[in-house]
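Here is the structure we will look at.
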Amino acid sequence: MTVGGDYIPGEEYGALEEPNYPVVFGMRLTPRVNGILLALAGLLGAGYLLFNAVLPKWEENAALRADIAAKEQQLVNQGQAQQQIEAARAKLAEAEQLRADVLALFADEEGLDTLLIDVNERVQAANARITDPERRATLSKFELVPPPAGPDGQPSDLVTDGSLGVAVNNKLRQRLYNVEMEGSFAQAQSVIRNIERLQPLLVLRNFSSTPTDPPTLRLNQQGRPLPNQDTEPRLRTSFQVQALMPAPIQPPAPPAPPADPNAPAADPNAPPQ
């Protein structure tokens, strides 16, 4: 069986129809549109997770890192502060030791009670290997000088005359002793040097030395002066021993109590009581 004319398959089976895609809000949900929508939904979900989950944790981690850095800095500052405290304690201990060493140089009440014995021992030490009583040194005077009156009229042993420097006024106490001895110049020099070597801080002042006997001129038969037979003249030497002691530290005055705000103000025109 034959058919005349050309063979057209489309005309035999009919044209292919397009798939029936759903339409939402006037938009046909084709595969391409669905892919775009899915990509947008993924982006929106990622943004939601970023703003609601990731960023808060990021800020929390940043705050924790800042807190950790602050704590570490506090530890560093505490270490530096501890080093400064230890250095200050070391300086304080050094200053206290220096103060104790300086105070040990000064006299004290107990040491001054035996000062007469100490000075007399120095005088006797100057008589070593001297048997002649006329040539031996002797201590003829050792007396305490009464302290002068202070500003309140009472005796005060504070140093206030600036003789040791204005900086030590009212910071040192003193005791003055008048000392007198007889002997040769070499003996007096030996006694003074040995007194200065005593442990308490002593100041020797107001020296005076005069011969005990006036020199005599001896003449021979021809009227010529004879040479002096005495090897050394005998002298009367006097001086003052000033013993220095630290003055007691006065405690600071207590602070004045705060004024009562409810108290009535004083009348400047009121007569004195």
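Every chain in the structure tokens takes a letter, A first, then B, and so on in the order presented; its residues are numbered from 1, and the ligands are numbered from 1 following the presented order.
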As a tab-separated table (two decimals) with C-alpha atoms, in the first residue's frame, please: every residue in stretch 81-265 of chain A that a backbone DSSP assignment puts in strand (DSSP E or B).
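Wrote result17.tsv, looks like this:
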chain	number	residue	atom	x	y	z
A	138	THR	CA	96.97	62.29	137.46
A	139	LEU	CA	93.28	63.01	136.88
A	140	SER	CA	92.49	66.01	139.08
A	141	LYS	CA	88.92	66.83	137.96
A	142	PHE	CA	85.97	65.09	136.32
A	143	GLU	CA	82.62	66.78	136.85
A	144	LEU	CA	79.29	66.87	135.04
A	145	VAL	CA	78.20	70.27	133.75
A	149	ALA	CA	67.49	75.69	130.81
A	155	PRO	CA	66.88	71.84	132.24
A	158	LEU	CA	69.05	68.95	123.67
A	172	LEU	CA	70.82	65.14	119.56
A	173	ARG	CA	71.22	65.17	123.31
A	174	GLN	CA	74.47	66.00	125.05
A	175	ARG	CA	76.30	65.64	128.33
A	176	LEU	CA	79.22	67.90	129.13
A	177	TYR	CA	82.04	66.95	131.48
A	178	ASN	CA	84.82	69.22	132.70
A	179	VAL	CA	88.05	67.21	132.79
A	180	GLU	CA	91.40	68.29	134.19
A	181	MET	CA	94.64	66.36	134.41
A	182	GLU	CA	98.27	66.98	135.26
A	183	GLY	CA	101.25	65.52	133.45
A	202	LEU	CA	82.67	61.95	122.18
A	203	VAL	CA	83.71	65.46	121.18
A	204	LEU	CA	86.67	67.09	122.96
A	205	ARG	CA	86.55	70.87	123.11
A	206	ASN	CA	87.84	73.96	124.99
A	207	PHE	CA	91.45	72.81	125.47
A	208	SER	CA	93.66	74.72	127.85
A	209	SER	CA	97.16	73.85	129.04
A	210	THR	CA	99.33	75.78	131.49
A	211	PRO	CA	102.51	74.86	133.45
A	219	LEU	CA	122.50	80.50	137.42
A	225	PRO	CA	122.00	80.28	133.25
A	235	LEU	CA	101.34	70.85	132.60
A	236	ARG	CA	97.82	71.27	133.86
A	237	THR	CA	95.54	70.39	130.92
A	238	SER	CA	91.81	71.00	131.00
A	239	PHE	CA	89.16	70.27	128.38
A	240	GLN	CA	85.51	69.39	128.00
A	241	VAL	CA	84.14	66.02	126.93
A	242	GLN	CA	80.86	66.30	125.04
A	243	ALA	CA	79.01	62.98	124.89
A	244	LEU	CA	76.32	62.86	122.18
A	245	MET	CA	73.17	60.77	122.26
A	246	PRO	CA	70.24	60.59	119.81
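Taking atom CA of A:Pro151 as the reference point, atom CA of A:Gly165 is found at 19.6 Å.
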